[in-house]
>>> print(open('target-v4.txt').read())   # compact mmCIF, C-alpha atoms
# COMPACT_ATOMS: atom_id res chain seq x y z
CA LEU A 1 -56.59 87.20 -22.04
CA CYS A 2 -55.26 84.38 -24.23
CA THR A 3 -53.56 86.57 -26.81
CA PRO A 4 -49.85 86.74 -27.76
CA PRO A 5 -47.70 88.04 -24.87
CA ALA A 6 -46.96 91.53 -26.20
CA SER A 7 -50.67 92.34 -26.20
CA HIS A 8 -51.30 91.33 -22.59
CA ALA A 9 -50.41 94.61 -20.90
CA PRO A 10 -52.21 96.93 -23.39
CA LEU A 11 -55.39 94.82 -23.33
CA ALA A 12 -55.29 94.44 -19.54
CA LEU A 13 -55.03 98.22 -19.20
CA ARG A 14 -58.12 98.65 -21.38
CA CYS A 15 -60.02 96.17 -19.21
CA LEU A 16 -58.95 97.89 -16.01
CA ASP A 17 -59.94 101.29 -17.43
CA ALA A 18 -63.41 99.82 -17.90
CA GLY A 19 -63.45 98.49 -14.33
CA VAL A 20 -63.20 94.86 -15.48
CA THR A 21 -61.16 92.25 -13.61
CA VAL A 22 -58.60 90.49 -15.81
CA LEU A 23 -57.33 86.91 -15.81
CA VAL A 24 -54.26 86.86 -18.05
CA GLU A 25 -52.31 83.94 -19.46
CA LYS A 26 -48.58 83.56 -18.89
CA PRO A 27 -46.35 85.41 -19.25
CA PRO A 28 -48.60 88.12 -17.79
CA THR A 29 -46.42 90.94 -19.14
CA LEU A 30 -43.15 91.30 -21.02
CA SER A 31 -41.41 93.02 -18.11
CA LEU A 32 -41.50 93.91 -14.44
CA ALA A 33 -42.16 97.54 -15.38
CA GLU A 34 -45.27 96.56 -17.35
CA LEU A 35 -46.53 94.53 -14.40
CA ASP A 36 -46.04 97.48 -12.06
CA THR A 37 -47.99 99.68 -14.49
CA LEU A 38 -50.88 97.23 -14.25
CA ALA A 39 -50.67 97.38 -10.46
CA VAL A 40 -51.11 101.16 -10.52
CA ALA A 41 -54.03 100.89 -12.93
CA ALA A 42 -55.68 98.20 -10.80
CA ARG A 43 -55.49 100.37 -7.68
CA THR A 44 -57.07 103.24 -9.59
CA SER A 45 -59.87 101.22 -11.14
CA GLY A 46 -60.69 98.95 -8.19
CA ALA A 47 -60.64 95.93 -10.54
CA HIS A 48 -58.13 93.11 -10.23
CA VAL A 49 -55.49 91.35 -12.32
CA ALA A 50 -54.77 87.65 -11.83
CA THR A 51 -52.38 85.37 -13.73
CA VAL A 52 -53.04 81.86 -15.04
CA PHE A 53 -50.71 79.64 -13.03
CA GLN A 54 -52.91 76.57 -13.04
CA HIS A 55 -50.40 74.14 -11.52
CA ARG A 56 -50.94 75.82 -8.16
CA PHE A 57 -54.50 74.47 -8.15
CA GLY A 58 -54.00 70.74 -8.69
CA ALA A 59 -54.92 68.50 -5.77
CA GLY A 60 -51.30 67.47 -5.17
CA ALA A 61 -50.08 71.06 -4.92
CA LEU A 62 -52.92 72.00 -2.59
CA ARG A 63 -52.15 68.98 -0.38
CA LEU A 64 -48.41 69.71 -0.38
CA ARG A 65 -48.86 73.32 0.68
CA ALA A 66 -51.36 72.33 3.38
CA MET A 67 -49.07 69.67 4.86
CA ALA A 68 -46.03 71.94 4.64
CA ASP A 69 -47.86 74.89 6.22
CA ALA A 70 -49.08 72.65 9.03
CA GLY A 71 -45.49 71.61 9.78
CA HIS A 72 -46.07 67.92 9.06
CA LEU A 73 -43.11 67.68 6.66
CA GLY A 74 -40.58 69.61 8.73
CA ARG A 75 -38.33 72.25 7.21
CA PRO A 76 -37.68 72.27 3.46
CA LEU A 77 -33.97 71.74 2.84
CA LEU A 78 -33.35 71.23 -0.88
CA ALA A 79 -35.40 71.44 -4.08
CA THR A 80 -35.01 70.81 -7.80
CA CYS A 81 -37.33 72.13 -10.48
CA THR A 82 -36.98 71.07 -14.10
CA THR A 83 -38.81 71.94 -17.31
CA GLN A 84 -37.12 70.07 -20.15
CA TRP A 85 -39.32 70.40 -23.21
CA TYR A 86 -38.74 70.15 -26.96
CA ARG A 87 -39.73 72.77 -29.51
CA ASP A 88 -38.38 72.36 -33.04
CA ASP A 89 -37.46 75.13 -35.46
CA ALA A 90 -40.94 75.12 -37.00
CA TYR A 91 -42.44 76.08 -33.63
CA PHE A 92 -40.61 79.38 -33.85
CA ASP A 93 -41.96 80.19 -37.32
CA VAL A 94 -44.87 81.85 -35.50
CA PRO A 95 -43.80 85.50 -35.87
CA TRP A 96 -43.93 86.54 -32.21
CA ARG A 97 -42.05 83.53 -30.80
CA GLY A 98 -38.37 83.62 -29.94
CA ARG A 99 -38.19 87.44 -29.90
CA TRP A 100 -37.50 89.69 -26.93
CA GLU A 101 -39.90 92.39 -28.14
CA THR A 102 -42.88 90.11 -28.63
CA GLU A 103 -42.40 87.07 -26.35
CA GLY A 104 -40.24 88.65 -23.66
CA GLY A 105 -37.86 85.71 -23.39
CA GLY A 106 -37.33 82.04 -24.15
CA PRO A 107 -38.24 78.96 -22.06
CA THR A 108 -37.58 80.89 -18.86
CA MET A 109 -40.42 83.23 -19.75
CA GLY A 110 -42.88 81.06 -21.62
CA HIS A 111 -42.36 77.40 -20.68
CA GLY A 112 -40.61 76.81 -17.36
CA ILE A 113 -42.64 79.58 -15.76
CA HIS A 114 -45.40 77.09 -14.91
CA GLN A 115 -43.16 74.75 -12.96
CA PHE A 116 -41.02 77.27 -11.10
CA ASP A 117 -44.11 79.29 -10.20
CA LEU A 118 -45.34 76.12 -8.50
CA LEU A 119 -41.96 75.85 -6.74
CA LEU A 120 -42.20 79.47 -5.53
CA SER A 121 -45.77 78.95 -4.35
CA VAL A 122 -44.58 76.05 -2.20
CA LEU A 123 -41.31 77.45 -0.83
CA GLY A 124 -42.23 81.10 -0.41
CA PRO A 125 -40.00 84.16 -0.86
CA TRP A 126 -36.77 83.65 -2.76
CA GLU A 127 -33.68 85.66 -1.78
CA THR A 128 -30.91 85.23 -4.39
CA VAL A 129 -30.47 83.91 -7.92
CA THR A 130 -27.25 82.86 -9.67
CA ALA A 131 -27.94 81.84 -13.26
CA VAL A 132 -26.74 81.06 -16.76
CA ALA A 133 -28.67 81.23 -20.02
CA ALA A 134 -27.63 80.19 -23.51
CA ARG A 135 -28.82 79.83 -27.07
CA ARG A 136 -27.65 76.35 -27.94
CA ALA A 137 -29.67 75.13 -30.91
CA ARG A 138 -32.59 77.27 -32.05
CA HIS A 139 -32.34 80.15 -34.54
CA ILE A 140 -33.99 82.69 -32.22
CA GLU A 141 -33.12 85.93 -30.42
CA THR A 142 -33.78 84.56 -26.93
CA GLU A 143 -32.22 81.77 -24.91
CA ASP A 144 -33.30 78.17 -25.49
CA VAL A 145 -31.91 76.93 -22.14
CA SER A 146 -31.35 78.45 -18.70
CA MET A 147 -30.28 77.20 -15.27
CA ALA A 148 -30.39 78.88 -11.88
CA LEU A 149 -29.25 78.26 -8.32
CA VAL A 150 -31.70 79.83 -5.89
CA THR A 151 -31.70 80.51 -2.16
CA PHE A 152 -34.92 81.11 -0.27
CA ALA A 153 -35.69 83.27 2.74
CA ASP A 154 -35.74 80.26 5.06
CA GLY A 155 -32.37 79.00 3.77
CA THR A 156 -33.71 76.37 1.37
CA VAL A 157 -31.53 75.94 -1.72
CA ALA A 158 -32.89 74.96 -5.13
CA SER A 159 -31.94 74.47 -8.76
CA VAL A 160 -34.17 75.48 -11.68
CA VAL A 161 -33.70 74.25 -15.27
CA ASN A 162 -35.64 75.49 -18.31
CA SER A 163 -35.18 74.06 -21.81
CA VAL A 164 -36.82 73.74 -25.22
CA VAL A 165 -34.07 71.52 -26.69
CA SER A 166 -34.72 68.30 -24.71
CA PRO A 167 -36.13 65.38 -26.79
CA ARG A 168 -37.29 63.43 -23.72
CA GLN A 169 -39.75 65.95 -22.37
CA THR A 170 -40.54 66.21 -18.68
CA SER A 171 -41.65 68.62 -16.00
CA ALA A 172 -40.33 67.67 -12.58
CA LEU A 173 -40.36 69.04 -9.06
CA ARG A 174 -38.68 67.57 -5.99
CA VAL A 175 -38.56 69.00 -2.48
CA ASP A 176 -36.55 67.29 0.25
CA TYR A 177 -38.04 68.11 3.64
CA GLU A 178 -36.71 66.99 7.01
CA ARG A 179 -39.32 64.23 7.21
CA ALA A 180 -40.05 63.32 3.59
CA THR A 181 -39.14 63.77 -0.05
CA VAL A 182 -42.05 64.93 -2.20
CA GLU A 183 -41.68 64.46 -5.97
CA LEU A 184 -43.75 65.28 -9.04
CA GLU A 185 -43.05 64.26 -12.64
CA HIS A 186 -45.46 64.99 -15.48
CA LEU A 187 -45.53 66.95 -18.72
CA TYR A 188 -48.36 69.45 -19.26
CA GLY A 189 -50.64 68.57 -16.35
CA TYR A 190 -50.50 66.22 -13.39
CA ARG A 191 -52.69 63.73 -11.54
CA ASP A 192 -52.18 62.33 -8.08
CA ASP A 193 -50.44 59.31 -9.61
CA ASP A 194 -47.68 61.66 -10.79
CA TRP A 195 -46.70 62.47 -7.19
CA THR A 196 -44.44 60.33 -5.01
CA VAL A 197 -43.87 60.77 -1.29
CA THR A 198 -40.98 59.00 0.44
CA ALA A 199 -40.99 59.32 4.20
CA ALA A 200 -37.79 59.61 6.21
CA PRO A 201 -37.19 56.80 8.72
CA GLY A 202 -39.61 57.07 11.59
CA HIS A 203 -42.17 59.18 9.70
CA ALA A 204 -44.27 56.62 7.83
CA GLU A 205 -47.41 58.50 8.90
CA ILE A 206 -46.64 61.15 6.26
CA GLU A 207 -47.18 58.69 3.42
CA THR A 208 -50.44 57.59 5.04
CA GLU A 209 -51.64 61.17 5.42
CA TRP A 210 -50.73 62.01 1.82
CA GLY A 211 -52.85 59.10 0.54
CA ARG A 212 -55.99 59.99 2.50
CA SER A 213 -57.39 62.50 0.01
CA ARG A 214 -56.40 61.09 -3.37
CA THR A 215 -58.30 62.27 -6.44
CA ASP A 216 -58.33 61.57 -10.17
CA ALA A 217 -58.53 65.27 -11.03
CA THR A 218 -55.90 66.70 -13.38
CA SER A 219 -54.22 70.03 -12.74
CA GLY A 220 -55.45 72.51 -15.28
CA HIS A 221 -57.32 75.68 -15.96
CA ALA A 222 -60.63 74.43 -14.56
CA GLY A 223 -59.35 74.41 -10.98
CA GLN A 224 -58.05 77.95 -11.19
CA LEU A 225 -61.14 79.25 -13.01
CA ALA A 226 -63.35 77.80 -10.28
CA ALA A 227 -61.26 79.57 -7.64
CA VAL A 228 -61.46 82.85 -9.58
CA TYR A 229 -65.25 82.63 -9.87
CA ASP A 230 -65.53 81.83 -6.16
CA ALA A 231 -63.47 84.92 -5.35
CA LEU A 232 -65.54 87.15 -7.61
CA ASP A 233 -68.75 85.81 -6.07
CA ALA A 234 -67.35 86.57 -2.62
CA GLY A 235 -66.20 90.05 -3.62
CA VAL A 236 -62.54 89.35 -2.81
CA PRO A 237 -59.42 89.51 -4.99
CA PRO A 238 -58.96 86.43 -7.18
CA PRO A 239 -56.06 84.06 -6.44
CA VAL A 240 -52.63 84.67 -7.98
CA ALA A 241 -53.21 88.41 -7.93
CA LEU A 242 -50.48 90.91 -8.72
CA ALA A 243 -48.51 90.54 -5.49
CA ASP A 244 -48.09 86.79 -6.09
CA THR A 245 -47.46 87.29 -9.78
CA ARG A 246 -44.81 89.91 -9.12
CA ARG A 247 -42.71 87.49 -7.08
CA THR A 248 -42.57 85.14 -10.07
CA VAL A 249 -41.93 87.86 -12.67
CA GLU A 250 -39.22 89.41 -10.47
CA PHE A 251 -37.62 85.96 -10.25
CA ILE A 252 -37.53 85.79 -14.06
CA ALA A 253 -35.97 89.26 -14.30
CA ALA A 254 -33.38 88.29 -11.68
CA LEU A 255 -32.52 85.09 -13.56
CA TYR A 256 -31.87 87.01 -16.77
CA ALA A 257 -29.98 89.74 -14.92
CA SER A 258 -27.71 87.19 -13.28
CA ALA A 259 -27.20 85.24 -16.51
CA PHE A 260 -26.36 88.33 -18.56
CA THR A 261 -24.19 90.16 -16.00
CA GLY A 262 -22.51 87.17 -14.32
CA GLU A 263 -23.54 88.44 -10.88
CA ARG A 264 -25.69 87.06 -8.10
CA VAL A 265 -28.97 89.00 -7.94
CA HIS A 266 -30.92 89.62 -4.72
CA ARG A 267 -34.66 90.01 -4.36
CA GLY A 268 -35.52 93.71 -4.51
CA GLN A 269 -32.32 94.58 -6.35
CA ILE A 270 -34.02 95.16 -9.70
CA ASP A 271 -35.60 98.58 -9.16
CA SER A 272 -37.38 100.77 -11.70
CA ALA A 273 -34.04 102.18 -12.93
CA SER A 274 -32.66 98.75 -13.83
CA PRO A 275 -32.63 97.85 -17.53
CA PHE A 276 -33.83 94.39 -16.48
CA ALA A 277 -37.01 95.95 -15.08
CA GLN A 278 -37.75 97.56 -18.43
CA ARG A 279 -37.08 94.43 -20.53
CA MET A 280 -35.99 90.92 -19.69
CA ASN A 281 -32.88 91.07 -21.90
CA GLY A 282 -31.74 94.15 -19.97
CA THR A 283 -28.25 95.12 -21.05
CA GLY A 284 -28.34 92.60 -23.91
CA ALA A 285 -27.91 88.88 -24.37
CA PRO A 286 -24.30 87.64 -24.44
CA TRP A 287 -24.59 85.90 -27.80
CA PRO A 288 -24.57 87.17 -31.39
CA ALA A 289 -27.76 88.72 -32.71
CA VAL A 290 -29.71 86.76 -35.31
CA THR A 291 -32.14 87.78 -37.99
CA VAL A 292 -35.35 86.05 -37.08
CA ARG A 293 -37.59 85.00 -39.96
>>> encode(input="target-v4.txt", output="structure tokens")
Amino acid sequence: LCTPPASHAPLALRCLDAGVTVLVEKPPTLSLAELDTLAVAARTSGAHVATVFQHRFGAGALRLRAMADAGHLGRPLLATCTTQWYRDDAYFDVPWRGRWETEGGGPTMGHGIHQFDLLLSVLGPWETVTAVAARRARHIETEDVSMALVTFADGTVASVVNSVVSPRQTSALRVDYERATVELEHLYGYRDDDWTVTAAPGHAEIETEWGRSRTDATSGHAGQLAAVYDALDAGVPPPVALADTRRTVEFIAALYASAFTGERVHRGQIDSASPFAQRMNGTGAPWPAVTVR
């Protein structure tokens, strides 16, 4: 499904009703509640829902997760994740953009989601989010910048920045492990040359190991589509199924909840009764409403 965001859930439900597995572009739904509705429908139909998070499938990300899971890098200690993009006013002339009811949110929902999903796929379960969001420059309903401080289940701490007001555009990820710093900087897709590994003293073998399986492949949809087809051929759920997707969408809901209430939000805190489960702007954005063209 490559349609505007507000149509994702209704169209996915129609596919599931027909017993058809769905691969849906980001953001998969406008809310956590919509995602949970898809989960119920998927269990009933026996078909699957997967989300397009293609940065998980680039060679560098696959190598990083393999080395981290094998313990070669030591414990993760600190991470930074940045999506600083630029979208001018004309970008938001498309009727569904910049509106809570049709896009679900601003750069947190539709732009930075790629990069912090990659962060979550590397570091695992997050525990708490403390965030701010603001509308600084664009004439839209949603935020145009957000920032979050995040703690993970293993104690790792991270910062996440999302922006559509940054003239020098970049997407960046950095994880400081006990034995090495692993960094990525790119824009809309990465190659191996966009990754840098700096070993801690006494661990030069990590840089050697990282360089053993270099490739010229670019992260993109092709890698994820291949993995989805392989899963369907094998009769198993496709990658980035609803359980994985939910962790990312819950993170988004928690970021907005923290930004709009001024409170730290814990994983699992946003239950079905929470206004932030029903819509990402929850109790309402803390800035004046605008009339969007």
>>> closest_residue(input="target-v4.txt", among="A:Glu25, A:Asp216, A:Glu205, A:Asp233", to="His114 (chain A)", atoms="all atoms listed in the file")
A:Glu25
>>> residues_around(input="target-v4.txt", residues="Arg179 (chain A)", least_positions_apart="4", cutoff="9 Å", atoms="all atoms listed in the file", output="count of residues only")
11
>>> atom_distance(input="target-v4.txt", atom1="CA of Leu242 (chain A)", atom2="CA of Phe116 (chain A)")
16.8 Å
>>> axis_aligned_box(input="target-v4.txt", around="region 175-188 of chain A", padding_each_side="5 Å", output="JSON")
{"center_x": -42.5, "center_y": 66.4, "center_z": -6.0, "size_x": 21.8, "size_y": 16.1, "size_z": 36.5}
>>> residues_around(input="target-v4.txt", residues="Pro4 (chain A)", least_positions_apart="5", cutoff="10 Å", atoms="all atoms listed in the file", output="number ranges by chain")
A: 25-27, 96-97, 102-103
